[in-house]
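In what follows, a structure is listed as structure tokens, so that the remarks can point back to it.
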Amino acid sequence: MTPLRVALLLVTLCGVAAWQVTVIPESLMQMTVGPVLAPGVIVAALSVLAVLYGISAWRGRQTDESHAPDQSPLPGANRRVISLLGGGAAFIALVIPLGFVIPGMLCGMGVARAFDAPLNLKSALVCGTVASTFWFVFAKLLGVGLGPALPWLI
């Protein structure tokens, strides 16, 4: 895939994301910062970057390094993709029955495994700590409705 096609794909994805931001319902509470502000700012920034990348690709300044003679794919590409998608699928399937922390930990471990991290107790502790911190910051401090951390404890 050429850099220009990648840029067009990125701009298209940013268009879909912008459309999704416009369909976020407004909060019923009177808040200075509503639920649309953060996603809107992120989508706007990513859209600017996608357009700048597209302009650079159109001018021929972006190269596809995967076609260089000294480049070759890493071994285990299928296993990496399955680990990455499996972590996301585990989160989606388990977040309602198990709360946020355990599925978040499993999702993090799938992502870490996709980048060759071993699946061991250290990996579980790091991913569990990250998931717990995210839940605490967003659910408790910011009031975002993420559901319970662990349904049998909280």
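Chain lettering (A, B, ...) mirrors the order of the structure tokens, residue numbering begins at 1 for each chain separately, and ligand numbering begins at 1 in order of display.
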For this session: With a distance cut-off of 10 Å and only C-alpha atoms, select the neighbouring residues of Pro35 (chain A), excluding the residue or stretch itself and same-chain residues fewer than 3 positions from it, and output the selection as a VMD selection string.
Result: chain A and resid 21 24 to 27 31 to 32 38 to 40 144
Problem set entry | Near-Gly60 (chain A) list (10 Å; only C-alpha atoms; drop same-chain fewer than 4 positions) as a list in words |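 Contacts, with the query itself left out: Pro3, Leu4, Gly54, Ile55 and Ser56 of chain A.
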Residues from the last selection, N, CA and C atoms, saved as a PDB file, in the first residue's frame:
```pdb
ATOM      1  N   PRO A   3       2.099   5.186   0.441  1.00  0.00           N
ATOM      2  CA  PRO A   3       1.847   6.182   1.479  1.00  0.00           C
ATOM      3  C   PRO A   3       0.641   7.073   1.173  1.00  0.00           C
ATOM      4  N   LEU A   4       0.393   7.366  -0.089  1.00  0.00           N
ATOM      5  CA  LEU A   4      -0.767   8.193  -0.429  1.00  0.00           C
ATOM      6  C   LEU A   4      -2.068   7.462  -0.111  1.00  0.00           C
ATOM      7  N   GLY A  54      -0.864  13.344   4.417  1.00  0.00           N
ATOM      8  CA  GLY A  54      -1.328  13.205   3.038  1.00  0.00           C
ATOM      9  C   GLY A  54      -0.642  14.175   2.106  1.00  0.00           C
ATOM     10  N   ILE A  55      -0.483  15.409   2.545  1.00  0.00           N
ATOM     11  CA  ILE A  55       0.215  16.401   1.720  1.00  0.00           C
ATOM     12  C   ILE A  55       1.668  15.978   1.501  1.00  0.00           C
ATOM     13  N   SER A  56       2.303  15.504   2.555  1.00  0.00           N
ATOM     14  CA  SER A  56       3.682  15.049   2.439  1.00  0.00           C
ATOM     15  C   SER A  56       3.788  13.831   1.519  1.00  0.00           C
TER      16      SER A  56
END
```
Excluding Met105 (chain A) and residues on its chain fewer than 6 positions from it, collect all residues at most 7 Å away from it, counting only C-alpha atoms, and give them as a short mmCIF file (atom, residue, chain, number, x, y, z; two decimals) with N, CA and C atoms, in the first residue's frame.
```cif
data_model
loop_
_atom_site.label_atom_id
_atom_site.label_comp_id
_atom_site.auth_asym_id
_atom_site.auth_seq_id
_atom_site.Cartn_x
_atom_site.Cartn_y
_atom_site.Cartn_z
N ALA A 124 0.96 -9.96 34.17
CA ALA A 124 -0.39 -9.83 34.73
C ALA A 124 -0.45 -8.71 35.76
N CYS A 127 -0.19 -5.24 33.88
CA CYS A 127 -1.43 -4.94 33.15
C CYS A 127 -2.60 -4.73 34.11
N GLY A 128 -2.65 -5.48 35.19
CA GLY A 128 -3.70 -5.29 36.20
C GLY A 128 -3.59 -3.94 36.88
N ALA A 131 -4.76 -1.29 34.34
CA ALA A 131 -6.23 -1.32 34.21
C ALA A 131 -6.90 -0.74 35.45
#
```
For this session: May I have the residues within 7 Å of region 81-86 of chain A as a list in words, using only C-alpha atoms and disregarding those fewer than 4 positions away in the same chain?
Result: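 Here the qualifying residues turn out to be Ala77, Ala90, Gly110, Val111, Arg113 and Ala114 of chain A.
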Problem set entry | Val130 (chain A) surroundings by only C-alpha atoms, 9 Å radius, close-in-sequence under 3 positions cut, as a ChimeraX atom specification | /A:101,104-105,108,125-127,133-135
Expected file contents, prior selection, N, CA, C and O atoms, as a tab-separated table (two decimals), in the first residue's frame:
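Okay, again07.tsv is ready:
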```tsv
chain	number	residue	atom	x	y	z
A	101	VAL	N	-11.59	-4.31	35.46
A	101	VAL	CA	-10.17	-4.55	35.72
A	101	VAL	C	-9.67	-5.86	35.11
A	101	VAL	O	-8.65	-5.88	34.42
A	104	GLY	N	-9.65	-5.68	31.34
A	104	GLY	CA	-8.61	-4.73	30.96
A	104	GLY	C	-7.23	-5.33	31.09
A	104	GLY	O	-6.35	-5.10	30.26
A	105	MET	N	-7.03	-6.13	32.14
A	105	MET	CA	-5.76	-6.80	32.33
A	105	MET	C	-5.52	-7.82	31.21
A	105	MET	O	-4.43	-7.88	30.64
A	108	GLY	N	-4.67	-5.98	28.01
A	108	GLY	CA	-3.29	-5.50	28.07
A	108	GLY	C	-2.28	-6.61	27.87
A	108	GLY	O	-1.26	-6.44	27.20
A	125	LEU	N	0.57	-8.59	36.60
A	125	LEU	CA	0.57	-7.54	37.62
A	125	LEU	C	0.67	-6.15	37.00
A	125	LEU	O	-0.04	-5.22	37.42
A	126	VAL	N	1.52	-6.00	36.01
A	126	VAL	CA	1.67	-4.69	35.35
A	126	VAL	C	0.37	-4.31	34.65
A	126	VAL	O	-0.14	-3.19	34.81
A	127	CYS	N	-0.19	-5.24	33.88
A	127	CYS	CA	-1.43	-4.94	33.15
A	127	CYS	C	-2.60	-4.73	34.11
A	127	CYS	O	-3.46	-3.87	33.87
A	133	THR	N	-5.61	1.46	37.56
A	133	THR	CA	-5.36	2.89	37.58
A	133	THR	C	-6.28	3.63	36.63
A	133	THR	O	-6.86	4.66	36.97
A	134	PHE	N	-6.44	3.08	35.41
A	134	PHE	CA	-7.35	3.70	34.45
A	134	PHE	C	-8.78	3.72	35.00
A	134	PHE	O	-9.48	4.72	34.89
A	135	TRP	N	-9.21	2.61	35.59
A	135	TRP	CA	-10.57	2.56	36.15
A	135	TRP	C	-10.72	3.60	37.25
A	135	TRP	O	-11.71	4.34	37.29
```
For this session: Please identify which residues in region 14-142 of chain A DSSP calls helix (DSSP H, G or I) from the backbone, and express them as a ChimeraX atom specification.
Result: /A:14-22,37-58,65-67,77-98,101-114,121-141
Residues just named, written with C-alpha atoms as a PDB file, in the first residue's frame:
```
ATOM      1  CA  CYS A  14     -10.852  10.681  10.691  1.00  0.00           C
ATOM      2  CA  GLY A  15     -14.041  11.569   8.807  1.00  0.00           C
ATOM      3  CA  VAL A  16     -15.830   8.585  10.352  1.00  0.00           C
ATOM      4  CA  ALA A  17     -14.483   9.542  13.788  1.00  0.00           C
ATOM      5  CA  ALA A  18     -15.672  13.135  13.336  1.00  0.00           C
ATOM      6  CA  TRP A  19     -19.124  11.855  12.409  1.00  0.00           C
ATOM      7  CA  GLN A  20     -19.136   9.657  15.532  1.00  0.00           C
ATOM      8  CA  VAL A  21     -18.207  12.652  17.688  1.00  0.00           C
ATOM      9  CA  THR A  22     -21.216  14.537  16.331  1.00  0.00           C
ATOM     10  CA  LEU A  37     -14.896  18.085  24.054  1.00  0.00           C
ATOM     11  CA  ALA A  38     -12.093  15.548  24.593  1.00  0.00           C
ATOM     12  CA  PRO A  39     -13.019  13.243  21.683  1.00  0.00           C
ATOM     13  CA  GLY A  40     -13.559  16.288  19.466  1.00  0.00           C
ATOM     14  CA  VAL A  41     -10.133  17.739  20.242  1.00  0.00           C
ATOM     15  CA  ILE A  42      -8.440  14.369  19.708  1.00  0.00           C
ATOM     16  CA  VAL A  43     -10.216  13.773  16.383  1.00  0.00           C
ATOM     17  CA  ALA A  44      -9.395  17.303  15.236  1.00  0.00           C
ATOM     18  CA  ALA A  45      -5.701  16.870  16.086  1.00  0.00           C
ATOM     19  CA  LEU A  46      -5.538  13.471  14.378  1.00  0.00           C
ATOM     20  CA  SER A  47      -7.314  14.902  11.333  1.00  0.00           C
ATOM     21  CA  VAL A  48      -4.746  17.685  11.032  1.00  0.00           C
ATOM     22  CA  LEU A  49      -1.928  15.128  11.277  1.00  0.00           C
ATOM     23  CA  ALA A  50      -3.591  12.895   8.658  1.00  0.00           C
ATOM     24  CA  VAL A  51      -3.963  15.823   6.243  1.00  0.00           C
ATOM     25  CA  LEU A  52      -0.342  16.892   6.784  1.00  0.00           C
ATOM     26  CA  TYR A  53       0.804  13.311   6.183  1.00  0.00           C
ATOM     27  CA  GLY A  54      -1.328  13.205   3.038  1.00  0.00           C
ATOM     28  CA  ILE A  55       0.215  16.401   1.720  1.00  0.00           C
ATOM     29  CA  SER A  56       3.682  15.049   2.439  1.00  0.00           C
ATOM     30  CA  ALA A  57       2.848  11.731   0.730  1.00  0.00           C
ATOM     31  CA  TRP A  58       1.388  13.549  -2.288  1.00  0.00           C
ATOM     32  CA  GLU A  65      10.212   1.154   4.148  1.00  0.00           C
ATOM     33  CA  SER A  66       8.656  -2.296   3.879  1.00  0.00           C
ATOM     34  CA  HIS A  67       9.818  -2.415   0.247  1.00  0.00           C
ATOM     35  CA  ALA A  77       3.061 -12.316  12.410  1.00  0.00           C
ATOM     36  CA  ASN A  78      -0.122 -14.401  12.606  1.00  0.00           C
ATOM     37  CA  ARG A  79       0.434 -15.126  16.301  1.00  0.00           C
ATOM     38  CA  ARG A  80       0.966 -11.417  16.961  1.00  0.00           C
ATOM     39  CA  VAL A  81      -2.267 -10.418  15.238  1.00  0.00           C
ATOM     40  CA  ILE A  82      -4.215 -13.156  17.027  1.00  0.00           C
ATOM     41  CA  SER A  83      -2.815 -12.019  20.387  1.00  0.00           C
ATOM     42  CA  LEU A  84      -3.738  -8.409  19.683  1.00  0.00           C
ATOM     43  CA  LEU A  85      -7.261  -9.185  18.474  1.00  0.00           C
ATOM     44  CA  GLY A  86      -7.755 -11.823  21.163  1.00  0.00           C
ATOM     45  CA  GLY A  87      -7.007  -9.290  23.891  1.00  0.00           C
ATOM     46  CA  GLY A  88      -9.573  -6.883  22.458  1.00  0.00           C
ATOM     47  CA  ALA A  89     -12.148  -9.651  22.043  1.00  0.00           C
ATOM     48  CA  ALA A  90     -11.576 -10.796  25.626  1.00  0.00           C
ATOM     49  CA  PHE A  91     -12.205  -7.266  26.863  1.00  0.00           C
ATOM     50  CA  ILE A  92     -15.402  -6.908  24.838  1.00  0.00           C
ATOM     51  CA  ALA A  93     -16.739 -10.313  25.886  1.00  0.00           C
ATOM     52  CA  LEU A  94     -15.841 -10.129  29.583  1.00  0.00           C
ATOM     53  CA  VAL A  95     -16.309  -6.485  30.592  1.00  0.00           C
ATOM     54  CA  ILE A  96     -19.995  -6.880  31.479  1.00  0.00           C
ATOM     55  CA  PRO A  97     -19.784 -10.065  33.562  1.00  0.00           C
ATOM     56  CA  LEU A  98     -16.386  -9.410  35.190  1.00  0.00           C
ATOM     57  CA  VAL A 101     -10.174  -4.554  35.724  1.00  0.00           C
ATOM     58  CA  ILE A 102      -9.878  -8.257  34.793  1.00  0.00           C
ATOM     59  CA  PRO A 103     -10.874  -7.797  31.125  1.00  0.00           C
ATOM     60  CA  GLY A 104      -8.610  -4.728  30.960  1.00  0.00           C
ATOM     61  CA  MET A 105      -5.756  -6.804  32.334  1.00  0.00           C
ATOM     62  CA  LEU A 106      -6.393  -9.583  29.792  1.00  0.00           C
ATOM     63  CA  CYS A 107      -6.580  -7.042  26.967  1.00  0.00           C
ATOM     64  CA  GLY A 108      -3.291  -5.500  28.071  1.00  0.00           C
ATOM     65  CA  MET A 109      -1.675  -8.922  28.247  1.00  0.00           C
ATOM     66  CA  GLY A 110      -2.843  -9.673  24.699  1.00  0.00           C
ATOM     67  CA  VAL A 111      -1.341  -6.411  23.456  1.00  0.00           C
ATOM     68  CA  ALA A 112       1.874  -7.068  25.387  1.00  0.00           C
ATOM     69  CA  ARG A 113       2.066 -10.601  23.952  1.00  0.00           C
ATOM     70  CA  ALA A 114       1.684  -9.165  20.451  1.00  0.00           C
ATOM     71  CA  LEU A 121       2.849 -13.094  36.711  1.00  0.00           C
ATOM     72  CA  LYS A 122       4.846  -9.897  36.129  1.00  0.00           C
ATOM     73  CA  SER A 123       2.910  -9.185  32.935  1.00  0.00           C
ATOM     74  CA  ALA A 124      -0.388  -9.835  34.734  1.00  0.00           C
ATOM     75  CA  LEU A 125       0.573  -7.535  37.622  1.00  0.00           C
ATOM     76  CA  VAL A 126       1.670  -4.693  35.348  1.00  0.00           C
ATOM     77  CA  CYS A 127      -1.435  -4.941  33.147  1.00  0.00           C
ATOM     78  CA  GLY A 128      -3.700  -5.290  36.200  1.00  0.00           C
ATOM     79  CA  THR A 129      -2.140  -2.200  37.763  1.00  0.00           C
ATOM     80  CA  VAL A 130      -2.589  -0.196  34.564  1.00  0.00           C
ATOM     81  CA  ALA A 131      -6.228  -1.322  34.211  1.00  0.00           C
ATOM     82  CA  SER A 132      -6.954  -0.534  37.877  1.00  0.00           C
ATOM     83  CA  THR A 133      -5.356   2.894  37.582  1.00  0.00           C
ATOM     84  CA  PHE A 134      -7.352   3.698  34.452  1.00  0.00           C
ATOM     85  CA  TRP A 135     -10.569   2.565  36.146  1.00  0.00           C
ATOM     86  CA  PHE A 136      -9.839   4.641  39.263  1.00  0.00           C
ATOM     87  CA  VAL A 137      -8.924   7.784  37.331  1.00  0.00           C
ATOM     88  CA  PHE A 138     -11.820   7.649  34.882  1.00  0.00           C
ATOM     89  CA  ALA A 139     -14.578   6.088  37.009  1.00  0.00           C
ATOM     90  CA  LYS A 140     -13.865   7.606  40.413  1.00  0.00           C
ATOM     91  CA  LEU A 141     -12.006  10.847  39.777  1.00  0.00           C
TER      92      LEU A 141
END
```
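With CA of Arg5 (chain A) on one side and CA of Arg59 (chain A) on the other, the separation reads 13.1 Å.
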